[in-house]
Structures are given as C-alpha cells and as structure tokens.
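Read through the structure below, which is laid out as structure tokens, and then see the notes.
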Amino acid sequence: MNTTASQETSGLTEEAIVDVVRRAFPEGVTIGGVAPRRIFARADRAIIYKLCEFLKNQLRFEHVSCVTGVDRIDRFQVVYHLSSYENRCVLEITVDIPRDDPEIDSVSPLWGGANWHERETYDMFGIRFKNHPRLERIFLPEDTQFFPFRKDFKLGRQ
C-alpha cells in the first residue's frame, strides 16, 4: 500500500469504515449495526475472501481473533472477528452457509492465525474451508465420523 492510501485509512471512525466497505461492496455485504469500536456485518459466502483481503490490505484489519461456526439447524454460519489496531475497531462478519454444502473460502492465506480457528471449526461442525493449507481434525481422530457441535449430534453416538 502506498503512503497516501495508508494515510487515508489510518484512524478511521466506525462510520467511515462502514462507508468505505459499502462503496467497495455495494452488494454482498450488509451492515447490521455500529457501536463504539465495533461493527456488525453480514456477507455472502461468495465474496468472503475478497472482502477479507480488502479489509486487511485497504482498511488495516491486521488480526483475526476468531473464526467459528454456529449451527442454526436450517443453516450453518461462520463468524469472523477481525481487529484493526490502528482504527481501534473490531468487525464481526457473519456468513450463512447452506447445511447441504458446508463450504467457504479459507482466510488462512491472509491471516496465518486463522489456520487453527478454521481447523477447529471443521473438526467440531464439519464446515470445510477451501484452499486451507492443512484442513484436518485438530481434536478428534481423523477417522471420526461425526461433528460434535452440530445440533443433530446425539450424545453417546459413535
């Protein structure tokens, strides 16, 4: 990023970040709310990698503190918590994923720390992260045939 672009995205308010994201992604991203140092958004899974790449490279969201899954019974969700230390802001992005196709692009190429979060989400929910460098179980044996955080998982089932 050049110096001018760096200066333009340094110390942005939450509202300014929302404005930049809306202009860059007029479709596929919905802002659900803004609070002090916090932005809540929803995104389409088709654009999650491009959105995260933009957030990292253009708006200085340099840290991913959480990537996790949620089982909503009719669909899965992947939730991302991205931090911009320079802008003093956390952006929460929620992405709906069809239950019959639990796959989304990996953000591990952008933030190495996402590797472990995505592996845990895969292990517990069965959500696959495309282009992940080493998507395999992290807690359970590789031959495990179930995902314990899914709501249809029955305790005691092998």
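Chains: A, B, ... in order of the structure tokens. Residues: from 1 per chain. Ligands: from 1, in order shown.
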
List as an NGL selection string the protein and nucleic acid residues near A:Ser83, meaning an atom at most 8 Å away when only C-alpha atoms are counted, but skip any in the same chain fewer than 6 places from it. :A and (61-65 or 89-91)

Shell around stretch 30-44 of chain A at 9 Å using only C-alpha atoms, local window under 6 positions removed, as a PyMOL selection string: chain A and resi 13-15+17-18+22+51+87-97

Hey, can you check how far atom CA of A:Gly112 sits from atom CA of A:Val67? 12.0 Å

One decimal, Å: what's the distance from atom CA of A:Phe129 over to atom CA of A:Gly28, could you say? 19.2 Å

By how many Å are atom CA of A:Phe146 and atom CA of A:Ser108 apart?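 If I compute the distance from atom CA of A:Phe146 to atom CA of A:Ser108, I get 24.1 Å.
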
Mind listing the helix (DSSP H, G or I) residues of stretch 12-156 of chain A, per DSSP on the backbone, as a count of residues only? 38
